[in-house]
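To keep things clear, I will list the structure first and then write my remarks on it.
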There are 2 protein chains.
Amino acid sequence: MEAKLAELLARASAKRSRGKPRRGKALEAAEGGVVTLAQSVTDALRRAITEGEFQPEERLHEESLAERLKVSRTPIRAALHGLTVEGLVEYVPNRGYSVRKVDAERLIAIFDIRGVLEGLAARLAAENGMDEATQAEYRAALEEGDRILSKGQLLDADQARFSEVNGVLHEAILHAAGNSMLGDMMRVCFNIPILSDRNVLWRRFEWLRRSHDDHYRLFDAIVRREGARAEQLMREHVHSVKLHMREQIEDARRVQPPGKR
Amino acid sequence: MEAKLAELLARASAKRSRGKPRRGKALEAAEGGVVTLAQSVTDALRRAITEGEFQPEERLHEESLAERLKVSRTPIRAALHGLTVEGLVEYVPNRGYSVRKVDAERLIAIFDIRGVLEGLAARLAAENGMDEATQAEYRAALEEGDRILSKGQLLDADQARFSEVNGVLHEAILHAAGNSMLGDMMRVCFNIPILSDRNVLWRRFEWLRRSHDDHYRLFDAIVRREGARAEQLMREHVHSVKLHMREQIEDARRVQPPGKR
DNA sequence: ATCGCACAGTTTGGATACAATATTTCCGGG
DNA sequence: CCCGGAAATATTGTATCCAAACTGTGCGAT
């Protein structure tokens with residue numbers, strides 16, 4: 001679990017040099033496809049950080065990173081600077097960058113914001129209406145969730161699938177909301193080390209069932225165009241995730257008492 | 001109105017080399033005081049853009065900017081990259097940066113987000129309670145607003161002061177909310193060319209009076225710790241600003257019909 | 001022994017040089 | 001006259017270089 005970072009970079013930049021001599025036009029790459037080294041490095045570092053490749057307060061030494069990724073310091077610096085603006089990394093002038101620590105307080109803050117942002121997304125989705133294709137996606141994801149939950153217990157392999165299902169649902173709502181900025185801001189709330197792939201939660205099966213049920217009601221509210229109800233449901237949903245998370249944090253703290261250093 | 005940009009940079013970087021040989025420790029400068037050239041340039045460019053120094057889709061040519069600001073391309077690039085992450089600037093690989101256009105749709109999107117974010121701030125402020133000092137600031141700002149409005153009409157010089165008052169009120173609520181991330185996200189919603197200093201609105205006096213009254217009610221709700229009410233009031237308040245703004249845009253469009261280019 | 005100071009080494013910030021990519025111009029063919 | 005393509009030009013992307021700032025260590029004074 002060491003050269004993993006370089007591997008991430010390789011995957012990120014794969015989209016660059018692949019294929020034909022490249023159809024000249026940059027437009028094809030304008031969205032989605034990564035083009036510059038700096039972007040690849042940014043993606044690689046972001047993933048590495050959110051997936052816990054680095055410790056919370058760990059220094060991010062420019063030269064070491066450059067060496068590990070086999071690039072010069074320039075794209076590294078661009079990436080670190082960008083991640084600082086995104087809020088994933090901290091920066092002190094003349095002293096460099098470090099991984100931003102996410103303490104309990106900050107986590108709560110994030111969830112409060114997620115609550116209102118996702119609530120807004122749900123309301124807008126309900127007000128604007130969800131097109132057929134997106135509805136179909138949503139429904140499919142719901143059914144997939146049913147299948148996973150029907151076993152009465154959750155296997156490890158299922159966790160990833162359930163996360164996937166969750167992602168689809170949220171994306172569908174976000175898409176229906178039709179507010180592009182909302183997605184940008186939400187991304188900031190999701191790119192957080194601890195939860196990242198949201199592998200953490202999903203502990204108690206019963207809670208999970210309830211969560212899945214929320215998704216059903218949310219869908220109902222949206223297709224009925226009941227904006228206020230959709231918003232309320234989503235808020236409560238996120239709120240319950242927040243409580244669940246706080247519980248887990250406190251559990252973890254009990255195991256390993258505070259005041260480590 | 002040409003060398004204004006350079007002037008902005010001078011002001012921004014003034015905080016750097018000022019004073020004694022600088023107390024060695026960087027900690028003093030860690031927050032607030034700008035330290036690196038890149039930061040100064042970022043601030044200068046942000047201001048220039050939000051104050052309308054550049055046209056909406058105008059290209060931001062690295063070398064020209066470097067020349068105008070008398071710095072190398074390095075800090076310029078850092079600044080542009082950062083502003084891109086912030087959403088003020090657009091970027092296409094190998095083609096450079098340009099001022100992001102804020103069309104009506106985007107403006108609406110921003111106000112929708114501001115509505116829920118400021119609503120959250122108001123609710124949190126009410127739930128947490130506002131300390132005495134902040135309450136005093138808020139009250140002082142309210143009275144200042146009364147004084148300005150008491151004349152029955154708004155002079156040009158008053159506009160700036162009223163904007164100031166508004167700023168203080170929002171800052172007070174934000175501070176009481178105690179959610180640092182909220183401030184970061186809200187900044188993104190405020191750094192928008194069109195409104196920037198919020199000089200635009202405040203057209204109709206009556207509307208302004210109503211707006212000021214909102215601030216009173218908001219305060220009442222907060223000190224009474226009525227979170228839900230505070231949130232609702234703030235939402236409605238922002239919503240009314242949104243409507244007001246949309247109206248103005250449509251007015252402007254009537255004067256200068258669409259399809260300019 | 002402790003505090004302060006100076007010096008050496010490390011690390012970052014900014015400028016410059018070079019390479020890669022896009023845009024423009026200009027020329028020949030249709 | 002218009003269109004297509006190739007060279008020329010301009011602009012961005014990356015690497016390297018140098019200067020400034022910070023960190024740590026060791027020596028000397030108290």
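Labeling convention for the structure tokens: chains A, B, ... as they appear, residues from 1 per chain, ligands from 1 in order of appearance.
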task = Name the residues of stretch 9-213 of chain A that come out as helix (DSSP H, G or I) in a backbone DSSP run; write them as a PyMOL selection string.
result = chain A and resi 9-17+27-30+37-50+62-69+73-86+104-128+132-150+156-177+180-190+205-213
Need the shell around A:Ile173: protein/DNA/RNA residues with any atom at most 9 Å away, counting only C-alpha atoms (C1' of nucleotides). Skip same-chain ones fewer than 6 positions apart. Format as a PDB file with N, CA and C atoms, in the first residue's frame?
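File selection_18.pdb, as written:
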ATOM      1  N   GLU A 118     -29.053  19.239  -0.043  1.00  0.00           N
ATOM      2  CA  GLU A 118     -29.774  18.120  -0.639  1.00  0.00           C
ATOM      3  C   GLU A 118     -31.276  18.338  -0.517  1.00  0.00           C
ATOM      4  N   ALA A 121     -32.111  20.404  -3.360  1.00  0.00           N
ATOM      5  CA  ALA A 121     -32.102  19.589  -4.582  1.00  0.00           C
ATOM      6  C   ALA A 121     -33.407  18.820  -4.718  1.00  0.00           C
ATOM      7  N   ALA A 122     -33.854  18.243  -3.625  1.00  0.00           N
ATOM      8  CA  ALA A 122     -35.087  17.460  -3.666  1.00  0.00           C
ATOM      9  C   ALA A 122     -36.278  18.360  -4.010  1.00  0.00           C
ATOM     10  N   LEU A 124     -36.260  21.258  -5.612  1.00  0.00           N
ATOM     11  CA  LEU A 124     -36.189  21.681  -7.005  1.00  0.00           C
ATOM     12  C   LEU A 124     -36.555  20.543  -7.943  1.00  0.00           C
ATOM     13  N   ALA A 125     -36.111  19.352  -7.601  1.00  0.00           N
ATOM     14  CA  ALA A 125     -36.439  18.202  -8.435  1.00  0.00           C
ATOM     15  C   ALA A 125     -37.949  18.033  -8.509  1.00  0.00           C
ATOM     16  N   ALA A 126     -38.588  18.177  -7.354  1.00  0.00           N
ATOM     17  CA  ALA A 126     -40.039  18.043  -7.318  1.00  0.00           C
ATOM     18  C   ALA A 126     -40.707  19.158  -8.108  1.00  0.00           C
ATOM     19  N   MET A 130     -39.198  15.305 -12.761  1.00  0.00           N
ATOM     20  CA  MET A 130     -38.090  14.423 -13.131  1.00  0.00           C
ATOM     21  C   MET A 130     -38.446  13.756 -14.458  1.00  0.00           C
ATOM     22  N   THR A 134     -34.674   9.643 -16.148  1.00  0.00           N
ATOM     23  CA  THR A 134     -34.119   9.717 -14.800  1.00  0.00           C
ATOM     24  C   THR A 134     -34.985   8.935 -13.825  1.00  0.00           C
ATOM     25  N   TYR A 138     -33.848   5.943 -11.380  1.00  0.00           N
ATOM     26  CA  TYR A 138     -34.145   5.958  -9.946  1.00  0.00           C
ATOM     27  C   TYR A 138     -34.839   4.658  -9.546  1.00  0.00           C
ATOM     28  N   PHE A 219     -38.938   9.586  -3.572  1.00  0.00           N
ATOM     29  CA  PHE A 219     -39.348   9.424  -4.965  1.00  0.00           C
ATOM     30  C   PHE A 219     -40.821   9.771  -5.123  1.00  0.00           C
ATOM     31  N   ILE A 222     -41.349  13.438  -5.020  1.00  0.00           N
ATOM     32  CA  ILE A 222     -40.848  14.129  -6.217  1.00  0.00           C
ATOM     33  C   ILE A 222     -41.784  13.939  -7.404  1.00  0.00           C
TER      34      ILE A 222
END
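If you count only C-alpha atoms (C1' of nucleotides) and ignore residues fewer than 2 places along the chain from stretch 2-11 of chain C, what sits within 10 Å of it is His61, Glu62, Glu63, Asn94, Arg95 and Gly96 of chain A; DG13 of chain C; DA21, DC22, DT23, DG24, DT25, DG26, DC27, DG28, DA29 and DT30 of chain D.
For B:Arg114, the set of protein, DNA and RNA residues having any atom at most 9 Å away, when counting only C-alpha atoms (C1' of nucleotides) and skipping those fewer than 2 positions along the same chain, is Ala109, Ile110, Phe111, Asp112, Val116, Leu117, Glu118, Gly119, Met186, Cys189, Phe190, Arg235 and Val238 of chain B.
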Next, dump the selected residues to file, keeping only C-alpha atoms, as a PDB file, in the first residue's frame.
ATOM      1  CA  ALA B 109     -29.363  29.056  -9.119  1.00  0.00           C
ATOM      2  CA  ILE B 110     -27.111  31.049  -6.858  1.00  0.00           C
ATOM      3  CA  PHE B 111     -29.966  32.727  -5.082  1.00  0.00           C
ATOM      4  CA  ASP B 112     -31.702  29.432  -4.487  1.00  0.00           C
ATOM      5  CA  VAL B 116     -31.014  27.685   2.015  1.00  0.00           C
ATOM      6  CA  LEU B 117     -27.501  28.463   3.206  1.00  0.00           C
ATOM      7  CA  GLU B 118     -28.452  31.728   4.836  1.00  0.00           C
ATOM      8  CA  GLY B 119     -31.560  30.057   6.168  1.00  0.00           C
ATOM      9  CA  MET B 186     -21.460  31.624   1.041  1.00  0.00           C
ATOM     10  CA  CYS B 189     -22.331  32.848  -3.714  1.00  0.00           C
ATOM     11  CA  PHE B 190     -21.374  36.451  -3.097  1.00  0.00           C
ATOM     12  CA  ARG B 235     -35.412  32.199   3.292  1.00  0.00           C
ATOM     13  CA  VAL B 238     -33.466  35.999   0.241  1.00  0.00           C
TER      14      VAL B 238
END
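The smallest atom-to-atom distance between A:Asp146 and any of A:Leu208, A:Ala6, A:Ala172, A:Ala48, using only C-alpha atoms, is found for A:Leu208.
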key: Point-to-point distance from atom CA of B:Ala104 to atom CA of B:Ala78, Å rounded to tenths   = 29.0 Å
Show me, as a Markdown table, the residues of chain D having an atom within 8 Å of chain B, each with the closest atom pair and its distance in Å, using only C-alpha atoms (C1' of nucleotides).
| residue | atom | partner | partner_atom | distance |
| --- | --- | --- | --- | --- |
| D:DT11 | C1' | B:Arg95 | CA | 7.4 |
| D:DT12 | C1' | B:Asn94 | CA | 5.2 |
| D:DG13 | C1' | B:Asn94 | CA | 7.5 |
Atoms to include: N, CA and C atoms (P, O5', C5', C4', C3', O3' and C1' of nucleotides). Write the selected residues as an mmCIF file, in the first residue's frame.
data_model
loop_
_atom_site.group_PDB
_atom_site.id
_atom_site.type_symbol
_atom_site.label_atom_id
_atom_site.label_comp_id
_atom_site.auth_asym_id
_atom_site.auth_seq_id
_atom_site.Cartn_x
_atom_site.Cartn_y
_atom_site.Cartn_z
ATOM 1 P P DT D 11 -1.045 35.585 -27.923
ATOM 2 O "O5'" DT D 11 -1.259 34.299 -27.036
ATOM 3 C "C5'" DT D 11 -2.279 33.369 -27.391
ATOM 4 C "C4'" DT D 11 -2.138 32.122 -26.544
ATOM 5 C "C3'" DT D 11 -1.785 32.394 -25.078
ATOM 6 O "O3'" DT D 11 -2.748 31.787 -24.246
ATOM 7 C "C1'" DT D 11 -0.400 30.709 -25.989
ATOM 8 P P DT D 12 -2.710 31.917 -22.656
ATOM 9 O "O5'" DT D 12 -2.578 30.405 -22.225
ATOM 10 C "C5'" DT D 12 -3.409 29.435 -22.844
ATOM 11 C "C4'" DT D 12 -2.751 28.069 -22.785
ATOM 12 C "C3'" DT D 12 -2.485 27.560 -21.374
ATOM 13 O "O3'" DT D 12 -2.941 26.218 -21.282
ATOM 14 C "C1'" DT D 12 -0.511 27.429 -22.669
ATOM 15 P P DG D 13 -2.890 25.475 -19.870
ATOM 16 O "O5'" DG D 13 -1.579 24.589 -19.974
ATOM 17 C "C5'" DG D 13 -1.628 23.378 -20.724
ATOM 18 C "C4'" DG D 13 -0.376 22.553 -20.470
ATOM 19 C "C3'" DG D 13 -0.126 22.223 -18.995
ATOM 20 O "O3'" DG D 13 0.299 20.868 -18.905
ATOM 21 C "C1'" DG D 13 1.739 23.386 -19.883
#
task = Compute the set of chain B residues within 9 Å of chain C, using only C-alpha atoms (C1' of nucleotides), and express it as a VMD selection string.
result = chain B and resid 36 to 38 71 to 75 94 to 95
ask   = Please, what distance in Å, to one decimal, runs between atom CA of A:His81 and atom CA of B:Gln39?
value = 10.8 Å
Going by DSSP on the backbone, which bits of stretch 22-244 of chain B are strand (DSSP E or B)? Write them as a PDB file with C-alpha atoms, in the first residue's frame, please.
ATOM      1  CA  ARG B  59     -10.197  36.140 -22.149  1.00  0.00           C
ATOM      2  CA  LEU B  60      -7.731  36.356 -19.309  1.00  0.00           C
ATOM      3  CA  VAL B  89     -13.343  31.912 -13.955  1.00  0.00           C
ATOM      4  CA  GLU B  90     -13.656  29.330 -16.665  1.00  0.00           C
ATOM      5  CA  TYR B  91     -10.871  27.225 -17.969  1.00  0.00           C
ATOM      6  CA  VAL B  92     -10.368  25.147 -21.094  1.00  0.00           C
ATOM      7  CA  GLY B  96      -6.689  29.365 -21.196  1.00  0.00           C
ATOM      8  CA  TYR B  97      -8.935  31.201 -18.833  1.00  0.00           C
ATOM      9  CA  SER B  98     -11.847  33.557 -19.292  1.00  0.00           C
ATOM     10  CA  VAL B  99     -14.277  35.410 -17.088  1.00  0.00           C
TER      11      VAL B  99
END
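With distances restricted to only C-alpha atoms, A:Val35 is the closest residue to chain B from A:Val35, A:Val255, A:Ala157, A:Ile148.
The space separating atom CA of B:Thr84 from atom CA of B:Arg100 comes to 8.8 Å.
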message = Residues within 9 Å of B:Gly145, please, as a count of residues only. Count only C-alpha atoms (C1' of nucleotides); anything in the same chain fewer than 2 positions from it doesn't count.
response = 13
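Shortest atom-to-atom contact with chain A among B:His170, B:Lys4, B:Arg68, B:Arg187: B:Arg187, counting only C-alpha atoms.
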